[in-house]
Amino acid sequence: MLLMHAAYPGEFEVASVDHGLRAESAAECRFVAGVCDDLGIAHTTLAVKVRAGNIQSQARAARYRALASWMDENGLSVLATAHHADDQAETILMRLNRGSGLSGLAGVRPVGKVPGSGHRLIRPLLGWRKADLAQLVADFGIEPVADPSNSDDRFDRVRIRKALAESDWIDAASLAQSASNLADAKEALDWMVECEWDRQVERRDDTLLYVPQAPRAIRLAVLERAIIEFGGEPRGGDVAKLLDTLEHGGSGNLAGVLASVTKDGWRLRREPPRRH
């Protein structure tokens with residue numbers, strides 16, 4: 001926010017999201033509002049309700065829904081977040097630990113879309129280290145809020161963060177650069193997936209027929225895209241299992257989509273509604 005104010009004074013607005021998960025959160029949002037008021041920056045506090053389940057995942061979803069609505073209401077075209085190089089390093093290590101593929105290992109991107117909307121999302125600070133940003137805030141005379149959830153070992157990201165801090169031989173900036181290199185590779189892969197889709201996927205009424213010709217990584221991405229075409233939201237590991245099944249001549253069901261092997265290729269269609 002301070003960097004934006006220095007570079008683009010009067011050209012942006014700020015939103016704080018109160019997830020309501022801690023008693024202190026409302027006061028913390030008022031603290032940010034006060035800083036904005038001192039600097040003459042328009043500020044809005046967005047109160048959200050976090051659904052049950054994975055707390056961090058549900059909080060993220062609620063946060064982006066609220067921010068997208070705020071952008072709509074205020075005619076804002078771009079959302080900027082402060083993800084930095086240390087965040088990127090944590091993300092890569094978490095996804096490595098989960099066996100993620102190329103898409104996951106490319107980390108968070110400098111430019112993307114706000115989840116669940118068509119708004120543009122930018123992350124201009126991915127090249128900055130957390131310590132440098134903290135020093136900038138301190139130099140401005142602001143004492144930042146310490147969120148206790150950032151030290152809660154129940155969360156995978158926190159455990160990764162602590163392990164990263166204890167391993168001085170791991171360079172977070174280099175991990176972030178690796179993510180950027182993998183993002184370039186992902187862009188090339190996406191181009192190849194588009195070619196395979198155009199040449200080898202045919203829509204027949206309510207069915208997609210895929211005649212695979214490309215290497216496994218391309219087949220995997222095409223299969224995932226086909227499931228998404230039917231409204232499914234598949235996880236990468238589940239798509240890989242379904243791919244294994246199809247390659248061995250079997251059939252399966254994933255995210256409400258039925259997939260089977262025919263003499264013409266792989267046939268995918270939406271699962272019919274169940275009878276009660």
# chains A, B, ... in the order shown; residues from 1 in each chain; ligands from 1
call {"tool": "closest_atom_pairs", "arguments": {"of": "segment 51-104 of chain A", "to": "segment 129-152 of chain A", "cutoff": "7 Å", "atoms": "only C-alpha atoms", "output": "CSV"}}
result
residue,atom,partner,partner_atom,distance
A:His84,CA,A:Arg129,CA,6.1
A:Ala85,CA,A:Arg129,CA,5.3
A:Asp86,CA,A:Arg129,CA,6.0
call {"tool": "select_by_dssp", "arguments": {"residues": "segment 49-246 of chain A", "states": "strand (DSSP E)", "output": "MDAnalysis selection string"}}
result
chainID A and resid 78:80 111:113 120:122 201:204 207:210
call {"tool": "residues_around", "arguments": {"residues": "Asp238 of chain A", "least_positions_apart": "5", "cutoff": "10 Å", "atoms": "only C-alpha atoms", "output": "JSON, numbers by chain"}}
result
{"A": [224, 243, 244, 254, 255]}
call {"tool": "residues_around", "arguments": {"residues": "Tyr8 of chain A", "least_positions_apart": "6", "cutoff": "12 Å", "atoms": "only C-alpha atoms", "output": "VMD selection string"}}
result
chain A and resid 1 to 2 41
call {"tool": "write_last_selection", "arguments": {"atoms": "all heavy atoms", "output": "mmCIF file, in the first residue's frame"}}
result
data_model
loop_
_atom_site.group_PDB
_atom_site.id
_atom_site.type_symbol
_atom_site.label_atom_id
_atom_site.label_comp_id
_atom_site.auth_asym_id
_atom_site.auth_seq_id
_atom_site.Cartn_x
_atom_site.Cartn_y
_atom_site.Cartn_z
ATOM 1 N N MET A 1 0.819 -1.189 0.000
ATOM 2 C CA MET A 1 0.000 0.000 0.000
ATOM 3 C C MET A 1 0.865 1.257 0.000
ATOM 4 O O MET A 1 0.600 2.216 -0.739
ATOM 5 C CB MET A 1 -0.917 0.008 1.225
ATOM 6 C CG MET A 1 -1.885 1.168 1.275
ATOM 7 S SD MET A 1 -2.868 1.173 2.787
ATOM 8 C CE MET A 1 -1.663 1.816 3.955
ATOM 9 N N LEU A 2 1.916 1.248 0.824
ATOM 10 C CA LEU A 2 2.815 2.400 0.886
ATOM 11 C C LEU A 2 3.534 2.606 -0.441
ATOM 12 O O LEU A 2 3.728 3.742 -0.894
ATOM 13 C CB LEU A 2 3.829 2.215 2.016
ATOM 14 C CG LEU A 2 3.240 2.140 3.433
ATOM 15 C CD1 LEU A 2 4.337 1.833 4.449
ATOM 16 C CD2 LEU A 2 2.521 3.424 3.797
ATOM 17 N N ILE A 41 -6.162 7.977 1.536
ATOM 18 C CA ILE A 41 -6.484 6.853 0.651
ATOM 19 C C ILE A 41 -7.881 6.331 0.984
ATOM 20 O O ILE A 41 -8.198 6.097 2.154
ATOM 21 C CB ILE A 41 -5.463 5.707 0.818
ATOM 22 C CG1 ILE A 41 -4.042 6.202 0.500
ATOM 23 C CG2 ILE A 41 -5.825 4.518 -0.075
ATOM 24 C CD1 ILE A 41 -2.959 5.192 0.852
#
call {"tool": "residues_around", "arguments": {"residues": "segment 28-34 of chain A", "least_positions_apart": "2", "cutoff": "8 Å", "atoms": "only C-alpha atoms", "output": "JSON, numbers by chain"}}
result
{"A": [16, 17, 18, 24, 25, 26, 36, 37, 38, 43, 44, 45, 145]}
call {"tool": "atom_distance", "arguments": {"atom1": "atom CA of Val50 of chain A", "atom2": "atom CA of Asp72 of chain A"}}
result
20.9 Å
call {"tool": "closest_residue", "arguments": {"among": "A:Gly40, A:Gly265, A:Gly20, A:Pro273", "to": "Thr207 of chain A", "atoms": "only C-alpha atoms"}}
result
A:Gly265
call {"tool": "residues_around", "arguments": {"residues": "Ser180 of chain A", "least_positions_apart": "6", "cutoff": "10 Å", "atoms": "only C-alpha atoms", "output": "MDAnalysis selection string"}}
result
chainID A and resid 88 105:110 126 174 186
call {"tool": "atom_distance", "arguments": {"atom1": "atom CA of Arg51 of chain A", "atom2": "atom CA of Leu21 of chain A"}}
result
10.9 Å
call {"tool": "closest_residue", "arguments": {"among": "A:Trp191, A:Tyr210, A:Tyr64, A:Trp266", "to": "Thr81 of chain A", "atoms": "only C-alpha atoms"}}
result
A:Tyr64
call {"tool": "select_by_dssp", "arguments": {"residues": "segment 15-198 of chain A", "states": "helix (DSSP H, G or I)", "output": "PyMOL selection string"}}
result
chain A and resi 25-39+55-74+85-97+102-105+130-139+148-151+156-166+172-198
call {"tool": "write_last_selection", "arguments": {"atoms": "C-alpha atoms", "output": "CSV table (one decimal), in the first residue's frame"}}
result
chain,number,residue,atom,x,y,z
A,25,SER,CA,-9.7,-8.7,13.5
A,26,ALA,CA,-12.2,-5.8,13.5
A,27,ALA,CA,-9.7,-3.6,15.4
A,28,GLU,CA,-6.9,-4.5,13.0
A,29,CYS,CA,-9.1,-3.4,10.0
A,30,ARG,CA,-9.8,-0.1,11.8
A,31,PHE,CA,-6.0,0.3,12.2
A,32,VAL,CA,-5.5,0.0,8.5
A,33,ALA,CA,-8.4,2.4,7.9
A,34,GLY,CA,-6.7,4.9,10.1
A,35,VAL,CA,-3.4,4.7,8.2
A,36,CYS,CA,-5.3,5.1,5.0
A,37,ASP,CA,-7.2,8.1,6.4
A,38,ASP,CA,-3.8,9.7,7.4
A,39,LEU,CA,-2.6,9.3,3.8
A,55,ILE,CA,-10.1,-22.7,7.3
A,56,GLN,CA,-7.4,-21.2,5.2
A,57,SER,CA,-8.9,-22.4,1.9
A,58,GLN,CA,-12.4,-21.2,2.8
A,59,ALA,CA,-11.1,-17.9,4.1
A,60,ARG,CA,-9.2,-17.4,0.8
A,61,ALA,CA,-12.4,-18.1,-1.2
A,62,ALA,CA,-14.5,-15.8,1.0
A,63,ARG,CA,-11.8,-13.1,0.7
A,64,TYR,CA,-11.7,-13.1,-3.1
A,65,ARG,CA,-15.5,-13.2,-3.4
A,66,ALA,CA,-15.8,-10.1,-1.3
A,67,LEU,CA,-13.0,-8.3,-3.2
A,68,ALA,CA,-14.5,-9.1,-6.6
A,69,SER,CA,-17.8,-7.7,-5.4
A,70,TRP,CA,-16.1,-4.6,-4.0
A,71,MET,CA,-14.3,-4.1,-7.4
A,72,ASP,CA,-17.7,-4.4,-9.2
A,73,GLU,CA,-19.3,-1.8,-6.9
A,74,ASN,CA,-16.5,0.7,-7.2
A,85,ALA,CA,9.2,-14.0,-2.8
A,86,ASP,CA,9.0,-15.8,0.5
A,87,ASP,CA,5.3,-16.5,-0.1
A,88,GLN,CA,6.3,-18.0,-3.5
A,89,ALA,CA,9.0,-20.2,-1.9
A,90,GLU,CA,6.5,-21.5,0.7
A,91,THR,CA,4.0,-22.3,-2.0
A,92,ILE,CA,6.5,-24.2,-4.1
A,93,LEU,CA,7.7,-26.3,-1.2
A,94,MET,CA,4.1,-27.1,-0.1
A,95,ARG,CA,3.2,-28.2,-3.6
A,96,LEU,CA,6.4,-30.3,-3.9
A,97,ASN,CA,5.5,-32.0,-0.7
A,102,LEU,CA,4.0,-28.4,-13.5
A,103,SER,CA,1.0,-26.2,-13.0
A,104,GLY,CA,1.3,-26.2,-9.2
A,105,LEU,CA,5.1,-25.9,-9.2
A,130,LYS,CA,9.6,-10.3,3.2
A,131,ALA,CA,12.4,-8.8,5.3
A,132,ASP,CA,12.8,-5.9,2.8
A,133,LEU,CA,9.1,-5.1,2.9
A,134,ALA,CA,9.0,-5.3,6.7
A,135,GLN,CA,11.9,-2.8,6.8
A,136,LEU,CA,10.1,-0.4,4.5
A,137,VAL,CA,7.0,-0.5,6.8
A,138,ALA,CA,9.3,0.1,9.8
A,139,ASP,CA,11.0,3.0,8.1
A,148,PRO,CA,-1.1,-15.4,15.4
A,149,SER,CA,-2.4,-17.8,12.7
A,150,ASN,CA,1.0,-17.2,10.9
A,151,SER,CA,2.6,-19.1,13.8
A,156,ASP,CA,0.9,-26.7,6.4
A,157,ARG,CA,2.1,-23.3,5.2
A,158,VAL,CA,3.2,-22.3,8.8
A,159,ARG,CA,5.2,-25.5,9.2
A,160,ILE,CA,6.8,-25.0,5.8
A,161,ARG,CA,7.6,-21.4,6.7
A,162,LYS,CA,9.3,-22.4,9.9
A,163,ALA,CA,11.3,-25.1,8.2
A,164,LEU,CA,12.4,-22.6,5.5
A,165,ALA,CA,13.6,-20.2,8.2
A,166,GLU,CA,15.6,-22.9,9.9
A,172,ALA,CA,13.8,-18.2,-1.1
A,173,ALA,CA,14.6,-15.9,-4.0
A,174,SER,CA,16.1,-18.7,-6.0
A,175,LEU,CA,13.0,-20.9,-5.4
A,176,ALA,CA,10.9,-18.0,-6.6
A,177,GLN,CA,13.0,-17.7,-9.7
A,178,SER,CA,12.6,-21.5,-10.3
A,179,ALA,CA,8.8,-20.9,-10.1
A,180,SER,CA,9.1,-18.2,-12.8
A,181,ASN,CA,11.1,-20.6,-15.0
A,182,LEU,CA,8.4,-23.3,-14.5
A,183,ALA,CA,5.7,-20.8,-15.4
A,184,ASP,CA,7.4,-20.3,-18.7
A,185,ALA,CA,7.4,-24.0,-19.3
A,186,LYS,CA,3.7,-24.1,-18.3
A,187,GLU,CA,3.0,-21.5,-20.9
A,188,ALA,CA,4.6,-23.7,-23.6
A,189,LEU,CA,2.6,-26.7,-22.3
A,190,ASP,CA,-0.6,-24.7,-22.5
A,191,TRP,CA,0.1,-24.0,-26.1
A,192,MET,CA,0.6,-27.6,-26.8
A,193,VAL,CA,-2.6,-28.6,-25.0
A,194,GLU,CA,-4.5,-26.1,-27.1
A,195,CYS,CA,-3.1,-27.8,-30.3
A,196,GLU,CA,-4.0,-31.3,-29.0
A,197,TRP,CA,-7.5,-30.1,-28.1
A,198,ASP,CA,-8.2,-28.5,-31.4
call {"tool": "residues_around", "arguments": {"residues": "segment 233-235 of chain A", "least_positions_apart": "5", "cutoff": "12 Å", "atoms": "only C-alpha atoms", "output": "PDB file with all heavy atoms, in the first residue's frame"}}
result
ATOM      1  N   ARG A  98       3.367 -32.183  -1.833  1.00  0.00           N
ATOM      2  CA  ARG A  98       2.101 -32.830  -2.185  1.00  0.00           C
ATOM      3  C   ARG A  98       2.164 -33.548  -3.527  1.00  0.00           C
ATOM      4  O   ARG A  98       1.165 -34.083  -3.998  1.00  0.00           O
ATOM      5  CB  ARG A  98       0.984 -31.775  -2.228  1.00  0.00           C
ATOM      6  CG  ARG A  98       0.688 -31.138  -0.872  1.00  0.00           C
ATOM      7  CD  ARG A  98      -0.280 -29.980  -1.030  1.00  0.00           C
ATOM      8  NE  ARG A  98      -0.564 -29.329   0.233  1.00  0.00           N
ATOM      9  CZ  ARG A  98      -1.241 -28.198   0.361  1.00  0.00           C
ATOM     10  NH1 ARG A  98      -1.706 -27.585  -0.718  1.00  0.00           N
ATOM     11  NH2 ARG A  98      -1.443 -27.671   1.557  1.00  0.00           N
ATOM     12  N   GLY A  99       3.342 -33.528  -4.166  1.00  0.00           N
ATOM     13  CA  GLY A  99       3.480 -34.205  -5.450  1.00  0.00           C
ATOM     14  C   GLY A  99       2.814 -33.476  -6.602  1.00  0.00           C
ATOM     15  O   GLY A  99       2.340 -34.104  -7.552  1.00  0.00           O
ATOM     16  N   SER A 100       2.777 -32.149  -6.548  1.00  0.00           N
ATOM     17  CA  SER A 100       2.109 -31.367  -7.595  1.00  0.00           C
ATOM     18  C   SER A 100       2.832 -31.479  -8.931  1.00  0.00           C
ATOM     19  O   SER A 100       4.036 -31.744  -8.991  1.00  0.00           O
ATOM     20  CB  SER A 100       2.042 -29.891  -7.189  1.00  0.00           C
ATOM     21  OG  SER A 100       1.246 -29.709  -6.044  1.00  0.00           O
ATOM     22  N   GLY A 101       2.083 -31.245  -9.985  1.00  0.00           N
ATOM     23  CA  GLY A 101       2.650 -31.230 -11.326  1.00  0.00           C
ATOM     24  C   GLY A 101       3.164 -29.857 -11.702  1.00  0.00           C
ATOM     25  O   GLY A 101       3.298 -28.956 -10.857  1.00  0.00           O
ATOM     26  N   SER A 103       1.872 -27.323 -13.286  1.00  0.00           N
ATOM     27  CA  SER A 103       1.012 -26.174 -13.033  1.00  0.00           C
ATOM     28  C   SER A 103       1.151 -25.684 -11.598  1.00  0.00           C
ATOM     29  O   SER A 103       1.271 -24.484 -11.340  1.00  0.00           O
ATOM     30  CB  SER A 103      -0.452 -26.540 -13.322  1.00  0.00           C
ATOM     31  OG  SER A 103      -1.299 -25.438 -13.091  1.00  0.00           O
ATOM     32  N   GLY A 104       1.159 -26.621 -10.647  1.00  0.00           N
ATOM     33  CA  GLY A 104       1.292 -26.238  -9.246  1.00  0.00           C
ATOM     34  C   GLY A 104       2.671 -25.709  -8.914  1.00  0.00           C
ATOM     35  O   GLY A 104       2.816 -24.753  -8.150  1.00  0.00           O
ATOM     36  N   LEU A 220      -2.873 -35.453 -19.840  1.00  0.00           N
ATOM     37  CA  LEU A 220      -3.374 -35.138 -18.505  1.00  0.00           C
ATOM     38  C   LEU A 220      -4.102 -33.791 -18.509  1.00  0.00           C
ATOM     39  O   LEU A 220      -5.200 -33.651 -17.959  1.00  0.00           O
ATOM     40  CB  LEU A 220      -2.216 -35.113 -17.513  1.00  0.00           C
ATOM     41  CG  LEU A 220      -2.558 -34.869 -16.045  1.00  0.00           C
ATOM     42  CD1 LEU A 220      -3.329 -36.043 -15.477  1.00  0.00           C
ATOM     43  CD2 LEU A 220      -1.282 -34.647 -15.240  1.00  0.00           C
ATOM     44  N   ALA A 221      -3.489 -32.791 -19.144  1.00  0.00           N
ATOM     45  CA  ALA A 221      -4.088 -31.456 -19.179  1.00  0.00           C
ATOM     46  C   ALA A 221      -5.359 -31.433 -20.022  1.00  0.00           C
ATOM     47  O   ALA A 221      -6.330 -30.752 -19.681  1.00  0.00           O
ATOM     48  CB  ALA A 221      -3.076 -30.449 -19.717  1.00  0.00           C
ATOM     49  N   LEU A 223      -7.393 -33.968 -20.483  1.00  0.00           N
ATOM     50  CA  LEU A 223      -8.410 -34.672 -19.701  1.00  0.00           C
ATOM     51  C   LEU A 223      -8.989 -33.748 -18.630  1.00  0.00           C
ATOM     52  O   LEU A 223     -10.208 -33.713 -18.409  1.00  0.00           O
ATOM     53  CB  LEU A 223      -7.793 -35.922 -19.067  1.00  0.00           C
ATOM     54  CG  LEU A 223      -8.740 -36.862 -18.315  1.00  0.00           C
ATOM     55  CD1 LEU A 223      -9.835 -37.372 -19.235  1.00  0.00           C
ATOM     56  CD2 LEU A 223      -7.944 -38.037 -17.737  1.00  0.00           C
ATOM     57  N   GLU A 224      -8.119 -33.001 -17.964  1.00  0.00           N
ATOM     58  CA  GLU A 224      -8.586 -32.056 -16.946  1.00  0.00           C
ATOM     59  C   GLU A 224      -9.496 -30.998 -17.567  1.00  0.00           C
ATOM     60  O   GLU A 224     -10.553 -30.662 -17.017  1.00  0.00           O
ATOM     61  CB  GLU A 224      -7.393 -31.389 -16.270  1.00  0.00           C
ATOM     62  CG  GLU A 224      -7.790 -30.388 -15.191  1.00  0.00           C
ATOM     63  CD  GLU A 224      -6.592 -29.777 -14.494  1.00  0.00           C
ATOM     64  OE1 GLU A 224      -5.457 -29.946 -14.996  1.00  0.00           O
ATOM     65  OE2 GLU A 224      -6.784 -29.136 -13.452  1.00  0.00           O
ATOM     66  N   ARG A 225      -9.089 -30.484 -18.724  1.00  0.00           N
ATOM     67  CA  ARG A 225      -9.907 -29.470 -19.403  1.00  0.00           C
ATOM     68  C   ARG A 225     -11.264 -30.034 -19.797  1.00  0.00           C
ATOM     69  O   ARG A 225     -12.289 -29.339 -19.674  1.00  0.00           O
ATOM     70  CB  ARG A 225      -9.161 -28.947 -20.630  1.00  0.00           C
ATOM     71  CG  ARG A 225      -9.978 -27.955 -21.446  1.00  0.00           C
ATOM     72  CD  ARG A 225      -9.158 -27.319 -22.534  1.00  0.00           C
ATOM     73  NE  ARG A 225      -9.986 -26.601 -23.481  1.00  0.00           N
ATOM     74  CZ  ARG A 225      -9.531 -25.911 -24.521  1.00  0.00           C
ATOM     75  NH1 ARG A 225      -8.219 -25.837 -24.739  1.00  0.00           N
ATOM     76  NH2 ARG A 225     -10.351 -25.288 -25.351  1.00  0.00           N
ATOM     77  N   ALA A 226     -11.289 -31.284 -20.242  1.00  0.00           N
ATOM     78  CA  ALA A 226     -12.553 -31.901 -20.638  1.00  0.00           C
ATOM     79  C   ALA A 226     -13.508 -31.994 -19.446  1.00  0.00           C
ATOM     80  O   ALA A 226     -14.711 -31.731 -19.572  1.00  0.00           O
ATOM     81  CB  ALA A 226     -12.292 -33.288 -21.224  1.00  0.00           C
ATOM     82  N   ILE A 227     -12.980 -32.344 -18.290  1.00  0.00           N
ATOM     83  CA  ILE A 227     -13.815 -32.447 -17.094  1.00  0.00           C
ATOM     84  C   ILE A 227     -14.340 -31.078 -16.698  1.00  0.00           C
ATOM     85  O   ILE A 227     -15.507 -30.921 -16.316  1.00  0.00           O
ATOM     86  CB  ILE A 227     -13.014 -33.088 -15.941  1.00  0.00           C
ATOM     87  CG1 ILE A 227     -12.682 -34.545 -16.294  1.00  0.00           C
ATOM     88  CG2 ILE A 227     -13.783 -33.027 -14.623  1.00  0.00           C
ATOM     89  CD1 ILE A 227     -11.695 -35.204 -15.359  1.00  0.00           C
ATOM     90  N   ILE A 228     -13.501 -30.063 -16.820  1.00  0.00           N
ATOM     91  CA  ILE A 228     -13.926 -28.701 -16.507  1.00  0.00           C
ATOM     92  C   ILE A 228     -15.003 -28.238 -17.476  1.00  0.00           C
ATOM     93  O   ILE A 228     -15.926 -27.501 -17.109  1.00  0.00           O
ATOM     94  CB  ILE A 228     -12.709 -27.753 -16.534  1.00  0.00           C
ATOM     95  CG1 ILE A 228     -11.749 -28.091 -15.386  1.00  0.00           C
ATOM     96  CG2 ILE A 228     -13.147 -26.298 -16.449  1.00  0.00           C
ATOM     97  CD1 ILE A 228     -10.438 -27.331 -15.422  1.00  0.00           C
ATOM     98  N   ALA A 240      -4.891 -37.519 -12.581  1.00  0.00           N
ATOM     99  CA  ALA A 240      -3.811 -38.454 -12.921  1.00  0.00           C
ATOM    100  C   ALA A 240      -4.253 -39.899 -12.711  1.00  0.00           C
ATOM    101  O   ALA A 240      -3.930 -40.783 -13.509  1.00  0.00           O
ATOM    102  CB  ALA A 240      -2.581 -38.144 -12.073  1.00  0.00           C
ATOM    103  N   LYS A 241      -5.010 -40.156 -11.642  1.00  0.00           N
ATOM    104  CA  LYS A 241      -5.515 -41.519 -11.393  1.00  0.00           C
ATOM    105  C   LYS A 241      -6.489 -41.941 -12.487  1.00  0.00           C
ATOM    106  O   LYS A 241      -6.475 -43.088 -12.937  1.00  0.00           O
ATOM    107  CB  LYS A 241      -6.190 -41.571 -10.024  1.00  0.00           C
ATOM    108  CG  LYS A 241      -5.226 -41.420  -8.852  1.00  0.00           C
ATOM    109  CD  LYS A 241      -5.983 -41.413  -7.522  1.00  0.00           C
ATOM    110  CE  LYS A 241      -5.023 -41.201  -6.356  1.00  0.00           C
ATOM    111  NZ  LYS A 241      -5.742 -41.117  -5.053  1.00  0.00           N
ATOM    112  N   LEU A 242      -7.355 -41.007 -12.902  1.00  0.00           N
ATOM    113  CA  LEU A 242      -8.299 -41.327 -13.968  1.00  0.00           C
ATOM    114  C   LEU A 242      -7.554 -41.585 -15.275  1.00  0.00           C
ATOM    115  O   LEU A 242      -7.915 -42.500 -16.027  1.00  0.00           O
ATOM    116  CB  LEU A 242      -9.297 -40.174 -14.145  1.00  0.00           C
ATOM    117  CG  LEU A 242     -10.338 -40.349 -15.255  1.00  0.00           C
ATOM    118  CD1 LEU A 242     -11.194 -41.590 -15.001  1.00  0.00           C
ATOM    119  CD2 LEU A 242     -11.221 -39.103 -15.371  1.00  0.00           C
ATOM    120  N   ASN A 253     -15.147 -42.341 -12.931  1.00  0.00           N
ATOM    121  CA  ASN A 253     -16.027 -41.208 -12.685  1.00  0.00           C
ATOM    122  C   ASN A 253     -15.254 -40.183 -11.861  1.00  0.00           C
ATOM    123  O   ASN A 253     -14.687 -40.532 -10.825  1.00  0.00           O
ATOM    124  CB  ASN A 253     -17.280 -41.679 -11.926  1.00  0.00           C
ATOM    125  CG  ASN A 253     -18.259 -40.552 -11.659  1.00  0.00           C
ATOM    126  OD1 ASN A 253     -17.883 -39.388 -11.631  1.00  0.00           O
ATOM    127  ND2 ASN A 253     -19.510 -40.908 -11.445  1.00  0.00           N
ATOM    128  N   LEU A 254     -15.225 -38.939 -12.308  1.00  0.00           N
ATOM    129  CA  LEU A 254     -14.528 -37.893 -11.566  1.00  0.00           C
ATOM    130  C   LEU A 254     -15.282 -36.585 -11.704  1.00  0.00           C
ATOM    131  O   LEU A 254     -15.599 -36.151 -12.810  1.00  0.00           O
ATOM    132  CB  LEU A 254     -13.091 -37.725 -12.095  1.00  0.00           C
ATOM    133  CG  LEU A 254     -12.258 -36.609 -11.454  1.00  0.00           C
ATOM    134  CD1 LEU A 254     -12.145 -36.811  -9.950  1.00  0.00           C
ATOM    135  CD2 LEU A 254     -10.872 -36.546 -12.087  1.00  0.00           C
ATOM    136  N   ALA A 255     -15.581 -35.983 -10.558  1.00  0.00           N
ATOM    137  CA  ALA A 255     -16.227 -34.665 -10.505  1.00  0.00           C
ATOM    138  C   ALA A 255     -17.520 -34.637 -11.325  1.00  0.00           C
ATOM    139  O   ALA A 255     -17.820 -33.656 -12.005  1.00  0.00           O
ATOM    140  CB  ALA A 255     -15.265 -33.581 -10.987  1.00  0.00           C
ATOM    141  N   GLY A 256     -18.269 -35.734 -11.276  1.00  0.00           N
ATOM    142  CA  GLY A 256     -19.540 -35.795 -11.985  1.00  0.00           C
ATOM    143  C   GLY A 256     -19.434 -36.073 -13.463  1.00  0.00           C
ATOM    144  O   GLY A 256     -20.401 -35.895 -14.218  1.00  0.00           O
ATOM    145  N   VAL A 257     -18.248 -36.521 -13.905  1.00  0.00           N
ATOM    146  CA  VAL A 257     -18.024 -36.821 -15.321  1.00  0.00           C
ATOM    147  C   VAL A 257     -17.642 -38.288 -15.467  1.00  0.00           C
ATOM    148  O   VAL A 257     -16.756 -38.770 -14.764  1.00  0.00           O
ATOM    149  CB  VAL A 257     -16.918 -35.929 -15.920  1.00  0.00           C
ATOM    150  CG1 VAL A 257     -16.659 -36.279 -17.379  1.00  0.00           C
ATOM    151  CG2 VAL A 257     -17.294 -34.456 -15.778  1.00  0.00           C
TER     152      VAL A 257
END
call {"tool": "atom_distance", "arguments": {"atom1": "atom CA of Leu258 of chain A", "atom2": "atom CA of Gly231 of chain A"}}
result
12.4 Å
